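The next block is coords-v2.tsv, given as TSV, C-alpha atoms.
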```
chain	number	residue	atom	x	y	z
A	652	MET	CA	11.11	29.43	3.19
A	653	PRO	CA	14.42	30.64	4.61
A	654	GLU	CA	14.02	32.90	7.63
A	655	PHE	CA	15.21	35.99	5.75
A	656	GLU	CA	12.50	35.51	3.10
A	657	LEU	CA	9.90	35.08	5.85
A	658	MET	CA	11.09	38.30	7.47
A	659	GLU	CA	10.57	40.16	4.23
A	660	LEU	CA	7.21	38.53	3.52
A	661	LEU	CA	5.81	39.10	7.04
A	662	ASP	CA	7.54	42.45	7.56
A	663	VAL	CA	8.76	41.52	11.05
A	664	GLY	CA	12.13	41.06	12.73
A	665	MET	CA	14.25	37.92	13.01
A	666	LYS	CA	13.20	37.30	16.64
A	667	GLU	CA	9.48	37.35	15.77
A	668	THR	CA	10.08	35.14	12.72
A	669	LYS	CA	11.94	32.49	14.73
A	670	SER	CA	9.28	32.58	17.44
A	671	ALA	CA	6.49	32.13	14.87
A	672	VAL	CA	8.27	29.18	13.21
A	673	ALA	CA	8.81	27.48	16.58
A	674	LEU	CA	5.16	27.92	17.64
A	675	ILE	CA	3.78	26.70	14.32
A	676	SER	CA	6.13	23.71	14.29
A	677	GLU	CA	5.05	22.72	17.80
A	678	ALA	CA	1.38	23.04	16.89
A	679	THR	CA	1.57	21.00	13.69
A	680	SER	CA	4.03	18.25	14.67
A	681	PRO	CA	2.30	14.99	15.68
A	682	PRO	CA	2.82	14.13	19.35
A	683	CYS	CA	4.87	11.11	20.43
A	684	GLN	CA	2.75	8.08	21.28
A	685	SER	CA	3.48	4.96	23.27
A	686	ALA	CA	2.79	1.46	21.99
A	687	ARG	CA	0.09	1.19	24.67
A	688	SER	CA	-1.74	4.31	23.46
A	689	LEU	CA	-1.63	3.05	19.87
A	690	LEU	CA	-3.10	-0.28	20.98
A	691	GLU	CA	-5.86	1.47	22.94
A	692	ARG	CA	-6.72	3.61	19.93
A	693	LYS	CA	-6.83	0.51	17.72
A	694	VAL	CA	-9.30	-1.14	20.11
A	695	GLU	CA	-11.46	2.01	20.10
A	696	ASN	CA	-11.49	2.03	16.27
A	697	GLU	CA	-11.97	-1.71	15.85
A	698	HIS	CA	-15.00	-1.11	13.61
A	699	LEU	CA	-12.69	0.59	11.11
A	700	SER	CA	-10.20	-2.27	11.09
A	701	GLY	CA	-10.58	-5.97	10.63
A	702	HIS	CA	-9.53	-8.90	8.47
A	703	LEU	CA	-10.92	-11.01	5.66
A	704	PRO	CA	-10.51	-14.68	6.62
A	705	THR	CA	-8.75	-16.85	4.07
A	706	HIS	CA	-10.12	-19.98	5.82
A	707	LEU	CA	-6.55	-21.30	5.86
A	708	LYS	CA	-6.12	-21.73	9.60
A	709	GLY	CA	-2.35	-21.39	9.89
A	710	LEU	CA	-2.23	-18.39	7.56
A	711	ASP	CA	-5.13	-16.62	9.28
A	712	GLU	CA	-3.59	-17.12	12.72
A	713	THR	CA	-0.25	-15.76	11.54
A	714	LEU	CA	-1.87	-12.70	9.92
A	715	CYS	CA	-3.97	-12.01	13.04
A	716	GLY	CA	-7.23	-12.95	11.33
A	717	GLY	CA	-6.58	-12.92	7.60
A	718	ILE	CA	-6.13	-10.30	4.87
A	719	PRO	CA	-6.17	-6.88	6.62
A	720	PHE	CA	-8.57	-4.07	5.77
A	721	GLY	CA	-7.34	-0.74	4.46
A	722	VAL	CA	-4.09	-1.88	2.81
A	723	LEU	CA	-2.77	-3.51	-0.37
A	724	THR	CA	-2.10	-7.25	-0.28
A	725	GLU	CA	-0.12	-8.80	-3.11
A	726	LEU	CA	-0.07	-12.38	-4.39
A	727	VAL	CA	3.00	-13.05	-6.52
A	728	GLY	CA	4.10	-16.24	-8.23
A	729	PRO	CA	4.68	-18.07	-11.52
A	730	PRO	CA	1.84	-19.04	-13.90
A	731	GLY	CA	-0.41	-21.88	-12.79
A	732	ILE	CA	0.69	-21.80	-9.15
A	733	GLY	CA	-2.77	-20.88	-7.77
A	734	LYS	CA	-2.98	-17.07	-7.55
A	735	SER	CA	-6.38	-16.87	-9.25
A	736	GLN	CA	-7.68	-19.83	-7.22
A	737	PHE	CA	-6.66	-17.96	-4.08
A	738	CYS	CA	-8.45	-14.80	-5.28
A	739	MET	CA	-11.65	-16.68	-6.08
A	740	LYS	CA	-11.66	-18.25	-2.60
A	741	LEU	CA	-11.22	-14.78	-1.07
A	742	ALA	CA	-14.11	-13.46	-3.18
A	743	LEU	CA	-16.26	-16.29	-1.86
A	744	SER	CA	-15.25	-15.52	1.72
A	745	ALA	CA	-16.08	-11.81	1.38
A	746	SER	CA	-19.54	-12.53	-0.04
A	747	PHE	CA	-20.31	-15.23	2.54
A	748	PRO	CA	-22.85	-14.53	5.35
A	749	ALA	CA	-21.28	-13.06	8.50
A	750	ALA	CA	-22.84	-15.85	10.60
A	751	TYR	CA	-20.59	-18.32	8.78
A	752	GLY	CA	-17.36	-16.32	8.98
A	753	GLY	CA	-17.74	-14.13	5.90
A	754	LEU	CA	-18.10	-10.38	5.40
A	755	ASP	CA	-21.65	-10.54	3.99
A	756	GLY	CA	-20.84	-8.02	1.26
A	757	ARG	CA	-20.24	-7.54	-2.42
A	758	VAL	CA	-16.99	-8.08	-4.29
A	759	VAL	CA	-15.54	-6.23	-7.27
A	760	TYR	CA	-13.33	-8.66	-9.17
A	761	ILE	CA	-11.27	-7.07	-11.97
A	762	ASP	CA	-10.50	-10.06	-14.17
A	763	VAL	CA	-7.86	-8.83	-16.59
A	764	GLU	CA	-6.89	-12.24	-18.02
A	765	SER	CA	-10.38	-13.80	-18.07
A	766	LYS	CA	-9.47	-16.43	-15.46
A	767	PHE	CA	-12.46	-15.97	-13.19
A	768	SER	CA	-14.89	-18.90	-13.24
A	769	SER	CA	-18.34	-18.73	-11.59
A	770	ARG	CA	-18.58	-22.52	-11.82
A	771	ARG	CA	-15.29	-22.90	-9.96
A	772	VAL	CA	-16.39	-20.47	-7.23
A	773	ILE	CA	-19.62	-22.43	-6.69
A	774	GLU	CA	-17.67	-25.70	-6.63
A	775	MET	CA	-15.38	-24.28	-3.94
A	776	GLY	CA	-18.40	-23.18	-1.94
A	777	LEU	CA	-20.12	-26.53	-2.19
A	778	GLU	CA	-16.98	-28.40	-1.10
A	779	SER	CA	-15.84	-25.96	1.58
A	780	PHE	CA	-19.19	-24.96	3.11
A	781	PRO	CA	-21.72	-27.66	2.14
A	782	GLU	CA	-24.05	-26.86	5.05
A	783	VAL	CA	-24.59	-23.36	3.62
A	784	PHE	CA	-24.30	-23.83	-0.13
A	785	HIS	CA	-26.85	-26.64	-0.19
A	786	LEU	CA	-29.48	-24.24	1.12
A	787	LYS	CA	-31.95	-23.33	-1.58
A	788	GLY	CA	-30.81	-20.37	-3.68
A	789	MET	CA	-27.62	-19.78	-1.65
A	790	ALA	CA	-25.18	-20.60	-4.47
A	791	GLN	CA	-26.93	-18.19	-6.83
A	792	GLU	CA	-27.04	-15.49	-4.18
A	793	MET	CA	-23.32	-15.78	-3.41
A	794	ALA	CA	-22.36	-15.75	-7.09
A	795	GLY	CA	-24.62	-12.74	-7.64
A	796	ARG	CA	-22.67	-10.73	-5.06
A	797	ILE	CA	-19.44	-10.92	-7.10
A	798	LEU	CA	-19.26	-8.25	-9.82
A	799	VAL	CA	-16.70	-9.18	-12.49
A	800	LEU	CA	-15.15	-6.44	-14.64
A	801	ARG	CA	-12.92	-7.19	-17.63
A	802	PRO	CA	-11.14	-4.01	-18.74
A	803	THR	CA	-9.81	-4.02	-22.28
A	804	SER	CA	-7.02	-1.52	-21.64
A	805	LEU	CA	-5.19	0.33	-18.89
A	806	ALA	CA	-7.25	3.44	-19.67
A	807	ASN	CA	-10.46	1.43	-19.30
A	808	PHE	CA	-9.21	0.05	-15.96
A	809	THR	CA	-8.24	3.52	-14.71
A	810	GLU	CA	-11.69	4.86	-15.52
A	811	SER	CA	-13.34	1.91	-13.74
A	812	ILE	CA	-11.43	2.28	-10.47
A	813	GLN	CA	-12.03	6.03	-10.40
A	814	GLU	CA	-15.77	5.39	-10.62
A	815	LEU	CA	-15.52	2.71	-7.93
A	816	LYS	CA	-14.35	5.14	-5.27
A	817	ASP	CA	-17.79	6.75	-5.09
A	818	SER	CA	-19.80	3.53	-5.17
A	819	ILE	CA	-17.87	1.18	-2.84
A	820	LEU	CA	-19.43	2.46	0.38
A	821	GLN	CA	-22.93	2.84	-1.08
A	822	ASN	CA	-22.99	-0.73	-2.43
A	823	GLN	CA	-21.47	-2.54	0.57
A	824	VAL	CA	-18.38	-3.66	-1.36
A	825	LYS	CA	-16.12	-5.58	1.04
A	826	LEU	CA	-13.30	-6.68	-1.29
A	827	LEU	CA	-11.54	-5.47	-4.45
A	828	VAL	CA	-9.48	-7.99	-6.44
A	829	ILE	CA	-7.23	-7.08	-9.39
A	830	ASP	CA	-6.02	-10.16	-11.26
A	831	SER	CA	-3.53	-9.17	-12.53
A	832	MET	CA	-1.91	-5.73	-12.40
A	833	THR	CA	1.04	-6.99	-14.43
A	834	ALA	CA	-1.18	-7.97	-17.36
A	835	LEU	CA	-2.70	-4.49	-17.44
A	836	LEU	CA	0.68	-2.79	-17.74
A	837	SER	CA	2.14	-5.36	-20.14
A	838	GLY	CA	-0.57	-4.47	-22.65
A	839	GLU	CA	0.83	-0.93	-22.92
A	840	ASN	CA	3.70	-0.02	-25.23
A	841	LYS	CA	5.26	2.44	-22.83
A	842	GLN	CA	8.69	1.69	-21.39
A	843	GLY	CA	11.08	3.06	-18.79
A	844	ALA	CA	10.11	6.32	-17.12
A	845	GLN	CA	6.65	6.46	-18.72
A	846	ARG	CA	5.80	2.97	-17.47
A	847	GLN	CA	7.02	3.80	-13.96
A	848	HIS	CA	4.96	7.00	-13.99
A	849	GLN	CA	1.84	5.02	-14.89
A	850	LEU	CA	2.54	2.47	-12.18
A	851	GLY	CA	3.25	5.20	-9.63
A	852	TRP	CA	-0.14	6.85	-10.22
A	853	HIS	CA	-1.97	3.54	-9.81
A	854	ILE	CA	-0.01	2.64	-6.67
A	855	SER	CA	-0.96	5.95	-5.09
A	856	PHE	CA	-4.61	5.68	-6.11
A	857	LEU	CA	-5.05	2.09	-4.92
A	858	LYS	CA	-3.43	2.83	-1.57
A	859	SER	CA	-5.69	5.84	-1.01
A	860	LEU	CA	-8.73	3.79	-2.13
A	861	ALA	CA	-7.90	1.07	0.42
A	862	GLU	CA	-7.46	3.61	3.22
A	863	PHE	CA	-10.57	5.58	2.28
A	864	SER	CA	-12.91	2.60	1.92
A	865	ARG	CA	-11.37	0.46	4.72
A	866	ILE	CA	-11.62	-2.70	2.62
A	867	PRO	CA	-8.92	-5.21	1.64
A	868	ILE	CA	-7.51	-4.76	-1.86
A	869	VAL	CA	-5.81	-7.87	-3.26
A	870	VAL	CA	-3.63	-7.59	-6.37
A	871	THR	CA	-1.81	-10.37	-8.20
A	872	ASN	CA	1.66	-9.87	-9.63
A	873	GLN	CA	3.45	-12.09	-12.11
A	874	VAL	CA	7.14	-13.00	-12.21
A	875	ARG	CA	9.97	-12.55	-14.66
A	876	SER	CA	13.41	-14.05	-15.03
A	877	GLN	CA	16.26	-12.20	-13.38
A	878	ASN	CA	19.30	-11.76	-15.57
A	879	ARG	CA	22.66	-12.86	-14.21
A	880	ASP	CA	24.08	-9.36	-14.52
A	881	GLU	CA	21.00	-7.62	-13.10
A	882	THR	CA	22.00	-5.18	-10.39
A	883	SER	CA	21.04	-5.97	-6.81
A	884	GLN	CA	18.53	-3.74	-5.08
A	885	TYR	CA	20.00	-4.21	-1.62
A	886	SER	CA	23.51	-4.51	-0.25
A	887	PHE	CA	22.88	-7.91	1.34
A	888	GLN	CA	21.76	-9.24	-2.04
A	889	ALA	CA	24.98	-8.08	-3.62
A	890	LYS	CA	27.02	-9.92	-1.00
A	891	LEU	CA	24.93	-13.00	-1.48
A	892	LYS	CA	25.42	-12.86	-5.21
A	893	ASP	CA	29.18	-12.58	-4.86
A	894	GLY	CA	29.27	-15.34	-2.30
A	895	LEU	CA	27.33	-17.74	-4.50
A	896	GLN	CA	28.82	-16.77	-7.81
A	897	GLU	CA	30.42	-20.17	-8.31
A	898	HIS	CA	27.18	-21.99	-7.53
A	899	THR	CA	24.85	-20.26	-10.01
A	900	LYS	CA	24.25	-23.45	-11.95
A	901	THR	CA	22.63	-25.13	-8.94
A	902	TYR	CA	20.92	-22.07	-7.48
A	903	ASP	CA	17.41	-22.31	-8.89
A	904	SER	CA	15.81	-19.02	-7.80
A	905	HIS	CA	16.26	-16.43	-10.54
A	906	LEU	CA	12.66	-15.28	-10.62
A	907	VAL	CA	11.65	-11.86	-9.33
A	908	ALA	CA	8.32	-10.05	-9.00
A	909	ALA	CA	7.53	-8.37	-12.31
A	910	LEU	CA	6.37	-4.94	-11.11
A	911	GLY	CA	9.66	-3.97	-9.49
A	912	ILE	CA	10.89	-2.42	-6.28
A	913	ASN	CA	8.56	0.62	-6.16
A	914	TRP	CA	5.54	-1.64	-6.22
A	915	ALA	CA	7.10	-3.90	-3.56
A	916	HIS	CA	7.41	-0.91	-1.22
A	917	ALA	CA	3.74	0.02	-1.76
A	918	VAL	CA	2.19	-3.28	-0.69
A	919	THR	CA	1.74	-4.00	3.02
A	920	ILE	CA	1.39	-7.78	2.72
A	921	ARG	CA	3.25	-9.87	0.14
A	922	LEU	CA	2.33	-13.53	-0.20
A	923	VAL	CA	4.58	-15.53	-2.51
A	924	LEU	CA	3.20	-18.69	-4.09
A	925	GLU	CA	5.90	-20.94	-5.47
A	926	ALA	CA	6.80	-24.54	-6.34
A	927	LYS	CA	9.97	-25.95	-4.84
A	928	SER	CA	11.17	-29.55	-5.15
A	929	GLY	CA	7.75	-30.65	-6.34
A	930	GLN	CA	5.92	-28.96	-3.46
A	931	ARG	CA	3.65	-25.92	-3.66
A	932	ILE	CA	4.42	-23.38	-0.95
A	933	ILE	CA	2.82	-20.13	0.16
A	934	LYS	CA	5.20	-17.73	1.91
A	935	ILE	CA	4.52	-14.66	3.98
A	936	ALA	CA	7.39	-12.67	2.51
A	937	LYS	CA	6.34	-9.26	3.83
A	938	SER	CA	4.07	-8.41	6.73
A	939	PRO	CA	4.32	-5.92	9.62
A	940	MET	CA	2.35	-8.28	11.87
A	941	SER	CA	4.14	-11.61	11.49
A	942	PRO	CA	7.52	-13.26	10.90
A	943	PRO	CA	8.29	-14.66	7.43
A	944	LEU	CA	6.75	-18.14	7.33
A	945	ALA	CA	6.19	-20.81	4.68
A	946	PHE	CA	3.21	-23.17	4.47
A	947	PRO	CA	2.97	-26.15	2.09
A	948	PHE	CA	-0.35	-26.32	0.23
A	949	HIS	CA	-2.23	-28.15	-2.48
A	950	ILE	CA	-5.25	-27.33	-4.63
A	951	THR	CA	-8.36	-29.46	-4.36
A	952	SER	CA	-11.98	-29.12	-5.43
A	953	ALA	CA	-12.42	-26.95	-2.32
A	954	GLY	CA	-9.66	-24.59	-3.46
A	955	ILE	CA	-6.31	-23.97	-1.79
A	956	SER	CA	-5.77	-26.05	1.36
A	957	LEU	CA	-2.76	-26.03	3.68
A	958	LEU	CA	-1.00	-29.33	4.25
A	959	SER	CA	0.10	-28.09	7.67
A	960	ASP	CA	-1.15	-25.23	9.84
A	961	LYS	CA	2.30	-24.81	11.35
A	962	GLY	CA	4.51	-22.60	9.22
A	963	THR	CA	8.26	-22.94	8.80
A	964	GLU	CA	10.16	-19.76	9.69
A	965	LEU	CA	12.27	-18.37	6.87
A	966	LYS	CA	15.63	-16.64	7.16
A	967	GLY	CA	18.05	-14.92	4.81
A	968	PRO	CA	17.52	-14.84	1.03
A	969	GLY	CA	14.87	-17.54	1.16
A	970	ILE	CA	12.34	-14.93	2.27
A	971	ASN	CA	12.23	-13.11	-1.07
A	972	THR	CA	13.32	-15.76	-3.56
A	973	ILE	CA	10.71	-17.22	-5.91
A	974	HIS	CA	11.02	-20.78	-7.20
A	975	ALA	CA	9.12	-22.06	-10.23
A	976	ARG	CA	9.72	-25.79	-10.30
A	977	GLY	CA	12.85	-26.29	-8.29
A	978	HIS	CA	15.14	-26.93	-11.27
A	979	SER	CA	17.58	-24.32	-12.53
A	980	ASP	CA	17.35	-25.63	-16.11
A	981	MET	CA	13.70	-24.47	-16.28
A	982	ILE	CA	14.82	-20.82	-16.24
A	983	ASN	CA	17.63	-19.35	-18.26
A	984	PHE	CA	19.38	-16.02	-17.88
A	985	HIS	CA	17.92	-14.32	-20.95
A	986	GLY	CA	14.54	-13.48	-19.43
A	987	GLU	CA	12.78	-16.54	-20.88
A	988	CYS	CA	11.00	-19.46	-19.22
A	989	SER	CA	11.16	-22.83	-20.88
```

Reformat the file's structure so that it appears as structure tokens.
Amino acid sequence: MPEFELMELLDVGMKETKSAVALISEATSPPCQSARSLLERKVENEHLSGHLPTHLKGLDETLCGGIPFGVLTELVGPPGIGKSQFCMKLALSASFPAAYGGLDGRVVYIDVESKFSSRRVIEMGLESFPEVFHLKGMAQEMAGRILVLRPTSLANFTESIQELKDSILQNQVKLLVIDSMTALLSGENKQGAQRQHQLGWHISFLKSLAEFSRIPIVVTNQVRSQNRDETSQYSFQAKLKDGLQEHTKTYDSHLVAALGINWAHAVTIRLVLEAKSGQRIIKIAKSPMSPPLAFPFHITSAGISLLSDKGTELKGPGINTIHARGHSDMINFHGECS
């Protein structure tokens, strides 16, 4: 309220009003903190923080232990690149006994596109951790800790996650996977402002759920083709576009994350899975705890495996670009993939 309105409401003079505003502001403003005090507080609250290991050594070391608790982590990439394989390996890790590097908990896996495979999860376990999975009954126990939900609509999904908030702590849930958020929204007929409103509500709810429950929430995002005349989101992208205008035929990265810029701001960690020049690559495109790095990987019977634990540092536009197959003729400028 303006000071004159406060004077009228409180029935006091201007001097008393200004004094009251100053005192209340001082009492409610958060104090300045040093980096050292923040670090000390983090150590004190270590039981509330933590990471879910991916069991990809180079990636875990770069992310200070793996997928962080209490925030949204996004996997984005073209179809068939390995997003669901990555999610299934994470689900296995979260359900794994703590003595073997897991979280010893349950997993809620929201399988929108029916890509989850119990057989594949068990195969990954047998190949990755044979000394554990060959124990009698262990494979069945691990698979039994992963609860798979398959919502038929966005409304069904919304109802499910609202119910989850009350049961996550009671049932020792240590990971929530949503594969994929894009598919949920694409099934709705709403466009423009209505679609953004829906997405905004879910962004807010998922962020609060992650913070409240202190568990990692992993969400997959698909890609779409970027039109040639699509406006740039950032000034440096506009300059890049102008500078490379004459080379658009050879520039093969016209894919962007499907859920848009508001979603990109909401996630704390963004991992981009792409294929470039015949090589699969996983990139740390966004993280407050590490530089942007790229790791080559392949998919085996044990799941995703890094070809090298030493990442290559990325600079410039290569951080956020998404490649499908490394050939510009695979993607046209009309929003279609061939």

A:Pro947: which residues within 7 Å, counting all atoms listed in the file, same-chain residues fewer than 6 positions away excluded, as a ChimeraX atom specification?
/A:930-933,957-959

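For the atom pair formed by atom CA of A:Pro802 and atom CA of A:Ser765, the distance is 9.8 Å, given to one decimal.
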
Exercise: stretch 908-925 of chain A partners within 6 Å, only C-alpha atoms, chain neighbours under 2 positions left out, as an MDAnalysis selection string:
chainID A and resid 723:728 873:875 931:938 974:975

Please produce a file of the residues just selected, as a tab-separated table (two decimals), in the coordinates of the input, where the atoms kept are C-alpha atoms.
```
chain	number	residue	atom	x	y	z
A	723	LEU	CA	-2.77	-3.51	-0.37
A	724	THR	CA	-2.10	-7.25	-0.28
A	725	GLU	CA	-0.12	-8.80	-3.11
A	726	LEU	CA	-0.07	-12.38	-4.39
A	727	VAL	CA	3.00	-13.05	-6.52
A	728	GLY	CA	4.10	-16.24	-8.23
A	873	GLN	CA	3.45	-12.09	-12.11
A	874	VAL	CA	7.14	-13.00	-12.21
A	875	ARG	CA	9.97	-12.55	-14.66
A	931	ARG	CA	3.65	-25.92	-3.66
A	932	ILE	CA	4.42	-23.38	-0.95
A	933	ILE	CA	2.82	-20.13	0.16
A	934	LYS	CA	5.20	-17.73	1.91
A	935	ILE	CA	4.52	-14.66	3.98
A	936	ALA	CA	7.39	-12.67	2.51
A	937	LYS	CA	6.34	-9.26	3.83
A	938	SER	CA	4.07	-8.41	6.73
A	974	HIS	CA	11.02	-20.78	-7.20
A	975	ALA	CA	9.12	-22.06	-10.23
```

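Compared by their closest atoms to A:Ile812, and using only C-alpha atoms, the residues A:Arg692, A:Leu857, A:Ala790, A:Ile866 rank with A:Leu857 nearest.
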
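Remark: for A:Glu654, the closest of the candidate residues A:Pro748, A:Ala673, A:Asn822, A:Glu862 is A:Ala673 (distances computed over only C-alpha atoms).
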
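Among A:Ser859, A:Ser941, A:Ser818, A:Gln823, the residue with the shortest atom-to-atom distance to A:Leu754, counting all atoms listed in the file, is A:Gln823.
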
Counting all atoms listed in the file, which of A:Ile797, A:Ala671, A:Leu786, A:Ala745 gets nearest to A:His706?
A:Ala745

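In this structure, atom CA of A:Asp830 sits 20.5 Å away from atom CA of A:Phe747.
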
Restricting to only C-alpha atoms, whichever of A:Ser746, A:Ser685, A:Thr713, A:Thr871 is closest to A:Gly776 is A:Ser746

List the neighbours of A:Arg865 out to 9 Å using only C-alpha atoms; skip same-chain residues closer than 3 positions along the sequence, and give me the result as a PDB file with C-alpha atoms, in the frame of the given file.
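As written to disk, result.pdb reads:
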```pdb
ATOM      1  CA  LEU A 699     -12.690   0.590  11.110  1.00  0.00           C
ATOM      2  CA  SER A 700     -10.200  -2.270  11.090  1.00  0.00           C
ATOM      3  CA  GLY A 701     -10.580  -5.970  10.630  1.00  0.00           C
ATOM      4  CA  PHE A 720      -8.570  -4.070   5.770  1.00  0.00           C
ATOM      5  CA  GLY A 721      -7.340  -0.740   4.460  1.00  0.00           C
ATOM      6  CA  VAL A 722      -4.090  -1.880   2.810  1.00  0.00           C
ATOM      7  CA  LYS A 825     -16.120  -5.580   1.040  1.00  0.00           C
ATOM      8  CA  LEU A 860      -8.730   3.790  -2.130  1.00  0.00           C
ATOM      9  CA  ALA A 861      -7.900   1.070   0.420  1.00  0.00           C
ATOM     10  CA  GLU A 862      -7.460   3.610   3.220  1.00  0.00           C
TER      11      GLU A 862
END
```

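Atom pair atom CA of A:Ile819 / atom CA of A:Ser864: separated by 7.0 Å.
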
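Residue nearest A:Asn971 within the list A:Pro704, A:Pro719, A:Gly851, A:Pro943: A:Pro943 [criterion: smallest interatomic distance, all atoms listed in the file].
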
Protein, DNA and RNA residues within 12 Å of (-5.3, -5.4, -15.9), all atoms listed in the file, as a PyMOL selection string:
chain A and resi 760-766+800-809+811-812+828-839+850+853+870-873
